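Colleague: Dropping the structure in here first, questions after.
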Amino acid sequence: MVDLAGEIIEPCKACWACGNEGNCVHRRDRFTEIFEKMKEADGILLGSPVYSANISANMQALLERAAVVCDMNSGLMRHKAGAAVAAVRRAGSLQAIDAMHHFFLNHEMFLVGSAYWNMAYGQLPGDVLNDEEGMNNMRNLGENMAFLLKALAGEKG
């Protein structure tokens with residue numbers, strides 16, 4: 001698990017040096033460490049609080065840099081499982097989830113869904129735990145992610 005809270009992820013500098021490296025060459029933040037974990041993982045679950053009807057600035061910077069590295073090094077995320085979740089006070093969750101889904105879909109990943117939108121409502125930290133419908137949906141999403149990961153592992157083996 002990687003927690004971006006309290007971190008600063010810098011935006012992409014569009015230097016294109018990642019085409020020679022397989023990862024971002026800028027090292028003033030934790031992006032390289034985080035992206036290496038993403039490359040090693042069979043599945044990726046992204047989660048963001050919703051600010052101003054979209055993902056957090058750190059998530060946006062992470063996904064933009066990851067997308068450029070993936071664009072310059074085709075196939076880095078191919079056939080991984082991906083799911084996105086959002087914590088929201090009132091509105092904007094679908095835009096946030098969609099932004100994270102775009103990363104998965106644009107890099108040949110399999111998108112994991114649930115029985116409803118992958119969001120839970122709350123205003124303060126921990127409030128989402130009181131959203132019974134949201135928590136049930138998250139459990140279902142976890143089960144679906146586990147199913148897909150097992151199926152993908154069976155195909156590789």
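Chain lettering (A, B, ...) mirrors the order of the structure tokens, residue numbering begins at 1 for each chain separately, and ligand numbering begins at 1 in order of display.
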Quick one: everything within 12 Å of Gly6 (chain A), counting only C-alpha atoms, minus sequence neighbours fewer than 2 positions away in the same chain. Send it as number ranges by chain.

Modeller: A: 2-4, 8-9, 29-30, 56-58

Colleague: Could you save those same residues with C-alpha atoms as a PDB file, in the first residue's frame?

Modeller:
ATOM      1  CA  VAL A   2       1.195   3.464  -0.875  1.00  0.00           C
ATOM      2  CA  ASP A   3      -0.318   6.458   0.899  1.00  0.00           C
ATOM      3  CA  LEU A   4       0.072   9.816  -0.857  1.00  0.00           C
ATOM      4  CA  ILE A   8       4.028  16.026  -2.853  1.00  0.00           C
ATOM      5  CA  ILE A   9       4.168  14.325  -6.246  1.00  0.00           C
ATOM      6  CA  ASP A  29       9.734  12.884  -4.832  1.00  0.00           C
ATOM      7  CA  ARG A  30       8.558   9.288  -4.320  1.00  0.00           C
ATOM      8  CA  SER A  56      -6.523  14.909  -5.651  1.00  0.00           C
ATOM      9  CA  ALA A  57      -3.636  16.886  -7.140  1.00  0.00           C
ATOM     10  CA  ASN A  58      -1.171  14.201  -6.040  1.00  0.00           C
TER      11      ASN A  58
END

Colleague: Could you name the residues that touch Val128 (chain A) at 10 Å or less, counting only C-alpha atoms, but leaving out those on the same chain fewer than 6 positions away, as an mmCIF file with C-alpha atoms, in the first residue's frame?

Modeller:
data_model
loop_
_atom_site.group_PDB
_atom_site.id
_atom_site.type_symbol
_atom_site.label_atom_id
_atom_site.label_comp_id
_atom_site.auth_asym_id
_atom_site.auth_seq_id
_atom_site.Cartn_x
_atom_site.Cartn_y
_atom_site.Cartn_z
ATOM 1 C CA ALA A 86 -13.364 7.499 -4.305
ATOM 2 C CA ALA A 87 -14.315 9.010 -0.962
ATOM 3 C CA VAL A 88 -16.706 11.891 -1.496
ATOM 4 C CA ARG A 89 -18.716 14.321 0.591
ATOM 5 C CA MET A 119 -17.531 5.394 -3.894
ATOM 6 C CA ALA A 120 -18.374 5.946 -0.267
ATOM 7 C CA TYR A 121 -19.781 9.090 1.332
ATOM 8 C CA GLY A 122 -18.307 11.026 4.221
ATOM 9 C CA GLY A 134 -20.613 2.086 0.094
ATOM 10 C CA MET A 135 -18.772 -0.389 2.318
#

Colleague: Between A:Gly82, A:Gly19, A:Pro11, A:Gly92, which is the closest to Cys70 (chain A) once you count only C-alpha atoms?

Modeller: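 Checking each of A:Gly82, A:Gly19, A:Pro11, A:Gly92 against Cys70 (chain A), counting only C-alpha atoms, the winner is A:Gly19.
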
Colleague: Can you work out the spacing between CA of Ile97 (chain A) and CA of Val85 (chain A) in Å, to one decimal?

Modeller: 6.2 Å

Colleague: At a cut-off of 7 Å, using only C-alpha atoms, what residues contact His79 (chain A)? Leave out same-chain residues fewer than 4 positions from it and give the result as an MDAnalysis selection string.

Modeller: chainID A and resid 108:110

Colleague: Using only C-alpha atoms, which residues sit within 12 Å of Leu105 (chain A) once same-chain residues fewer than 2 positions away are excluded, as an MDAnalysis selection string?

Modeller: chainID A and resid 67 77:84 98:103 107:112

Colleague: Produce a file of the selected residues containing N, CA and C atoms, as a PDB file, in the first residue's frame.

Modeller:
ATOM      1  N   ALA A  67       1.455   7.743 -16.831  1.00  0.00           N
ATOM      2  CA  ALA A  67       0.958   7.607 -18.199  1.00  0.00           C
ATOM      3  C   ALA A  67       2.055   7.923 -19.214  1.00  0.00           C
ATOM      4  N   MET A  77       2.041  -1.900 -18.211  1.00  0.00           N
ATOM      5  CA  MET A  77       0.876  -2.215 -17.384  1.00  0.00           C
ATOM      6  C   MET A  77      -0.040  -3.243 -18.051  1.00  0.00           C
ATOM      7  N   ARG A  78       0.329  -3.751 -19.198  1.00  0.00           N
ATOM      8  CA  ARG A  78      -0.513  -4.658 -19.973  1.00  0.00           C
ATOM      9  C   ARG A  78      -0.963  -5.866 -19.150  1.00  0.00           C
ATOM     10  N   HIS A  79      -2.256  -6.094 -19.175  1.00  0.00           N
ATOM     11  CA  HIS A  79      -2.918  -7.253 -18.580  1.00  0.00           C
ATOM     12  C   HIS A  79      -2.892  -7.285 -17.052  1.00  0.00           C
ATOM     13  N   LYS A  80      -2.675  -6.135 -16.425  1.00  0.00           N
ATOM     14  CA  LYS A  80      -2.837  -6.036 -14.975  1.00  0.00           C
ATOM     15  C   LYS A  80      -4.309  -5.730 -14.685  1.00  0.00           C
ATOM     16  N   ALA A  81      -4.758  -6.044 -13.488  1.00  0.00           N
ATOM     17  CA  ALA A  81      -6.106  -5.706 -13.049  1.00  0.00           C
ATOM     18  C   ALA A  81      -6.071  -4.331 -12.393  1.00  0.00           C
ATOM     19  N   GLY A  82      -7.096  -3.535 -12.624  1.00  0.00           N
ATOM     20  CA  GLY A  82      -7.158  -2.212 -12.024  1.00  0.00           C
ATOM     21  C   GLY A  82      -8.550  -1.875 -11.532  1.00  0.00           C
ATOM     22  N   ALA A  83      -8.617  -1.218 -10.399  1.00  0.00           N
ATOM     23  CA  ALA A  83      -9.886  -0.734  -9.849  1.00  0.00           C
ATOM     24  C   ALA A  83      -9.633   0.621  -9.200  1.00  0.00           C
ATOM     25  N   ALA A  84     -10.676   1.449  -9.199  1.00  0.00           N
ATOM     26  CA  ALA A  84     -10.567   2.786  -8.622  1.00  0.00           C
ATOM     27  C   ALA A  84     -11.716   3.023  -7.663  1.00  0.00           C
ATOM     28  N   ASP A  98     -13.687   8.078 -12.989  1.00  0.00           N
ATOM     29  CA  ASP A  98     -13.432   8.065 -14.429  1.00  0.00           C
ATOM     30  C   ASP A  98     -11.994   8.464 -14.751  1.00  0.00           C
ATOM     31  N   ALA A  99     -11.465   9.455 -14.061  1.00  0.00           N
ATOM     32  CA  ALA A  99     -10.074   9.874 -14.297  1.00  0.00           C
ATOM     33  C   ALA A  99      -9.102   8.733 -14.022  1.00  0.00           C
ATOM     34  N   MET A 100      -9.340   7.995 -12.941  1.00  0.00           N
ATOM     35  CA  MET A 100      -8.466   6.870 -12.619  1.00  0.00           C
ATOM     36  C   MET A 100      -8.688   5.707 -13.595  1.00  0.00           C
ATOM     37  N   HIS A 101      -9.948   5.485 -14.009  1.00  0.00           N
ATOM     38  CA  HIS A 101     -10.230   4.436 -14.995  1.00  0.00           C
ATOM     39  C   HIS A 101      -9.527   4.708 -16.319  1.00  0.00           C
ATOM     40  N   HIS A 102      -9.456   5.962 -16.723  1.00  0.00           N
ATOM     41  CA  HIS A 102      -8.780   6.292 -17.980  1.00  0.00           C
ATOM     42  C   HIS A 102      -7.338   5.803 -17.981  1.00  0.00           C
ATOM     43  N   PHE A 103      -6.655   5.931 -16.854  1.00  0.00           N
ATOM     44  CA  PHE A 103      -5.281   5.431 -16.793  1.00  0.00           C
ATOM     45  C   PHE A 103      -5.252   3.937 -17.093  1.00  0.00           C
ATOM     46  N   HIS A 107      -3.856   1.919 -20.839  1.00  0.00           N
ATOM     47  CA  HIS A 107      -2.603   1.178 -20.731  1.00  0.00           C
ATOM     48  C   HIS A 107      -2.834  -0.332 -20.679  1.00  0.00           C
ATOM     49  N   GLU A 108      -3.900  -0.770 -21.371  1.00  0.00           N
ATOM     50  CA  GLU A 108      -4.164  -2.187 -21.616  1.00  0.00           C
ATOM     51  C   GLU A 108      -4.416  -3.001 -20.349  1.00  0.00           C
ATOM     52  N   MET A 109      -4.999  -2.354 -19.359  1.00  0.00           N
ATOM     53  CA  MET A 109      -5.321  -3.049 -18.118  1.00  0.00           C
ATOM     54  C   MET A 109      -6.778  -3.507 -18.138  1.00  0.00           C
ATOM     55  N   PHE A 110      -7.094  -4.497 -17.307  1.00  0.00           N
ATOM     56  CA  PHE A 110      -8.462  -4.982 -17.161  1.00  0.00           C
ATOM     57  C   PHE A 110      -9.119  -4.230 -16.015  1.00  0.00           C
ATOM     58  N   LEU A 111     -10.265  -3.665 -16.286  1.00  0.00           N
ATOM     59  CA  LEU A 111     -10.973  -2.850 -15.308  1.00  0.00           C
ATOM     60  C   LEU A 111     -11.903  -3.722 -14.465  1.00  0.00           C
ATOM     61  N   VAL A 112     -11.787  -3.605 -13.153  1.00  0.00           N
ATOM     62  CA  VAL A 112     -12.623  -4.357 -12.221  1.00  0.00           C
ATOM     63  C   VAL A 112     -13.749  -3.443 -11.743  1.00  0.00           C
TER      64      VAL A 112
END

Colleague: So the first atom is CA of Ala53 (chain A) and the second is CA of Gly126 (chain A); what is the distance between them in Å, to one decimal place?

Modeller: 19.7 Å

Colleague: Skip Thr32 (chain A) itself and residues of its chain fewer than 5 positions away, then list as a list of chain:residue names all residues within 7 Å of it, counting only C-alpha atoms.

Modeller: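 Near Thr32 (chain A), the qualifying residues are A:Asn23, A:Cys24, A:Arg27.
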
Colleague: I want to know what sits within 7 Å of region 136-138 of chain A, based on only C-alpha atoms, with residues of the same chain fewer than 4 positions away left out; could you give that as a count of residues only?

Modeller: 6

Colleague: Could you pull out the residues in region 64-107 of chain A that DSSP calls helix (DSSP H, G or I) from the backbone, as a PDB file with N, CA and C atoms, in the first residue's frame?

Modeller:
ATOM      1  N   GLU A  64      -0.473  11.217 -14.332  1.00  0.00           N
ATOM      2  CA  GLU A  64       0.093  11.851 -15.527  1.00  0.00           C
ATOM      3  C   GLU A  64       1.519  11.376 -15.772  1.00  0.00           C
ATOM      4  N   ARG A  65       2.344  11.348 -14.737  1.00  0.00           N
ATOM      5  CA  ARG A  65       3.715  10.870 -14.914  1.00  0.00           C
ATOM      6  C   ARG A  65       3.745   9.403 -15.283  1.00  0.00           C
ATOM      7  N   ALA A  66       2.913   8.594 -14.614  1.00  0.00           N
ATOM      8  CA  ALA A  66       2.856   7.164 -14.934  1.00  0.00           C
ATOM      9  C   ALA A  66       2.406   6.959 -16.374  1.00  0.00           C
ATOM     10  N   ALA A  67       1.455   7.743 -16.831  1.00  0.00           N
ATOM     11  CA  ALA A  67       0.958   7.607 -18.199  1.00  0.00           C
ATOM     12  C   ALA A  67       2.055   7.923 -19.214  1.00  0.00           C
ATOM     13  N   VAL A  68       2.841   8.948 -18.958  1.00  0.00           N
ATOM     14  CA  VAL A  68       3.919   9.297 -19.894  1.00  0.00           C
ATOM     15  C   VAL A  68       4.973   8.197 -19.916  1.00  0.00           C
ATOM     16  N   VAL A  69       5.346   7.684 -18.748  1.00  0.00           N
ATOM     17  CA  VAL A  69       6.326   6.587 -18.712  1.00  0.00           C
ATOM     18  C   VAL A  69       5.774   5.387 -19.474  1.00  0.00           C
ATOM     19  N   CYS A  70       4.500   5.059 -19.260  1.00  0.00           N
ATOM     20  CA  CYS A  70       3.888   3.923 -19.957  1.00  0.00           C
ATOM     21  C   CYS A  70       3.804   4.176 -21.463  1.00  0.00           C
ATOM     22  N   ASP A  71       3.491   5.394 -21.847  1.00  0.00           N
ATOM     23  CA  ASP A  71       3.424   5.720 -23.274  1.00  0.00           C
ATOM     24  C   ASP A  71       4.794   5.581 -23.942  1.00  0.00           C
ATOM     25  N   MET A  72       5.834   5.910 -23.210  1.00  0.00           N
ATOM     26  CA  MET A  72       7.192   5.846 -23.759  1.00  0.00           C
ATOM     27  C   MET A  72       7.793   4.441 -23.662  1.00  0.00           C
ATOM     28  N   SER A  93     -17.733  12.239  -7.493  1.00  0.00           N
ATOM     29  CA  SER A  93     -17.090  10.926  -7.423  1.00  0.00           C
ATOM     30  C   SER A  93     -16.965  10.271  -8.789  1.00  0.00           C
ATOM     31  N   LEU A  94     -17.954  10.412  -9.643  1.00  0.00           N
ATOM     32  CA  LEU A  94     -17.885   9.752 -10.949  1.00  0.00           C
ATOM     33  C   LEU A  94     -16.761  10.329 -11.798  1.00  0.00           C
ATOM     34  N   GLN A  95     -16.549  11.635 -11.727  1.00  0.00           N
ATOM     35  CA  GLN A  95     -15.436  12.246 -12.461  1.00  0.00           C
ATOM     36  C   GLN A  95     -14.106  11.715 -11.937  1.00  0.00           C
ATOM     37  N   ALA A  96     -13.997  11.587 -10.622  1.00  0.00           N
ATOM     38  CA  ALA A  96     -12.753  11.100 -10.025  1.00  0.00           C
ATOM     39  C   ALA A  96     -12.492   9.650 -10.420  1.00  0.00           C
ATOM     40  N   ILE A  97     -13.507   8.806 -10.314  1.00  0.00           N
ATOM     41  CA  ILE A  97     -13.351   7.406 -10.690  1.00  0.00           C
ATOM     42  C   ILE A  97     -13.005   7.299 -12.173  1.00  0.00           C
ATOM     43  N   ASP A  98     -13.687   8.078 -12.989  1.00  0.00           N
ATOM     44  CA  ASP A  98     -13.432   8.065 -14.429  1.00  0.00           C
ATOM     45  C   ASP A  98     -11.994   8.464 -14.751  1.00  0.00           C
ATOM     46  N   ALA A  99     -11.465   9.455 -14.061  1.00  0.00           N
ATOM     47  CA  ALA A  99     -10.074   9.874 -14.297  1.00  0.00           C
ATOM     48  C   ALA A  99      -9.102   8.733 -14.022  1.00  0.00           C
ATOM     49  N   MET A 100      -9.340   7.995 -12.941  1.00  0.00           N
ATOM     50  CA  MET A 100      -8.466   6.870 -12.619  1.00  0.00           C
ATOM     51  C   MET A 100      -8.688   5.707 -13.595  1.00  0.00           C
ATOM     52  N   HIS A 101      -9.948   5.485 -14.009  1.00  0.00           N
ATOM     53  CA  HIS A 101     -10.230   4.436 -14.995  1.00  0.00           C
ATOM     54  C   HIS A 101      -9.527   4.708 -16.319  1.00  0.00           C
ATOM     55  N   HIS A 102      -9.456   5.962 -16.723  1.00  0.00           N
ATOM     56  CA  HIS A 102      -8.780   6.292 -17.980  1.00  0.00           C
ATOM     57  C   HIS A 102      -7.338   5.803 -17.981  1.00  0.00           C
ATOM     58  N   PHE A 103      -6.655   5.931 -16.854  1.00  0.00           N
ATOM     59  CA  PHE A 103      -5.281   5.431 -16.793  1.00  0.00           C
ATOM     60  C   PHE A 103      -5.252   3.937 -17.093  1.00  0.00           C
ATOM     61  N   PHE A 104      -6.133   3.177 -16.449  1.00  0.00           N
ATOM     62  CA  PHE A 104      -6.165   1.721 -16.668  1.00  0.00           C
ATOM     63  C   PHE A 104      -6.476   1.383 -18.123  1.00  0.00           C
ATOM     64  N   LEU A 105      -7.524   1.978 -18.637  1.00  0.00           N
ATOM     65  CA  LEU A 105      -7.984   1.635 -19.976  1.00  0.00           C
ATOM     66  C   LEU A 105      -6.993   2.047 -21.064  1.00  0.00           C
TER      67      LEU A 105
END

Colleague: Find the distance between CA of Tyr51 (chain A) and CA of Lys39 (chain A) and write it in Å to one decimal.

Modeller: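 Interatomic distance, CA of Tyr51 (chain A) to CA of Lys39 (chain A): 27.3 Å.
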
Colleague: Rank A:Arg90, A:Arg139, A:Arg28, A:Lys150 by their smallest atom-to-atom distance to Pro49 (chain A), using only C-alpha atoms, and report the top residue only.

Modeller: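 Result for the nearest residue to Pro49 (chain A): A:Arg90.
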
Colleague: For a quick check of understanding, using only C-alpha atoms, which of A:Leu141, A:Leu152, A:Leu124, A:Leu63 has the smallest distance to Met38 (chain A)?

Modeller: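 Counting only C-alpha atoms, the residue closest to Met38 (chain A) is A:Leu63.
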
Colleague: Counting only C-alpha atoms, figure out which residue out of A:Ile34, A:Ala91, A:Ala5, A:Met145 gets nearest to Ser48 (chain A).

Modeller: A:Ala5

Colleague: Return as a PyMOL selection string the full set of residues in region 6-141 of chain A whose backbone-based DSSP assignment is strand (DSSP E).

Modeller: chain A and resi 43-49+81-88+110-111+119-121
